[in-house]
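Below is one structure; the comments refer to it alone.
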Amino acid sequence: MRYRLTKIEQSVGINLADPDVGLALALSSRHSTPPAPPVPYDLALDVAEHRPLGEKHP
């Protein structure tokens, strides 16, 4: 793994040991990760009632 990280550092021209580079990579990876798709209303559960949200009380 170290070999591959060294090759990445050389090809991209960065130093992964630099804390500023680590912070920039962490922030950019968080920003570029797409959000999870929303859960459809009928599949969501009412946690307090342990029943689907759209279901009426008996």
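Each chain in the structure tokens gets a letter, A, B, ..., in the order shown, and its residues are numbered from 1; ligands are numbered from 1 in order too.
The neighbours of Thr6 in chain A here are the residues that come within 9 Å of it, using only C-alpha atoms and leaving out any residue fewer than 4 positions away in the same chain; they are A:Met1, A:Arg2, A:Gln10, A:Ser11, A:Asn15, A:Leu16.
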Quiz item: Skipping near chain neighbours, those fewer than 6 positions away, what residues fall within 12 Å of Ile14 in chain A using only C-alpha atoms, listed as a list of chain:residue names?
Solution: A:Leu5, A:Thr6, A:Lys7, A:Ile8, A:Asp20, A:Val21, A:Gly22, A:Ala24, A:Leu25
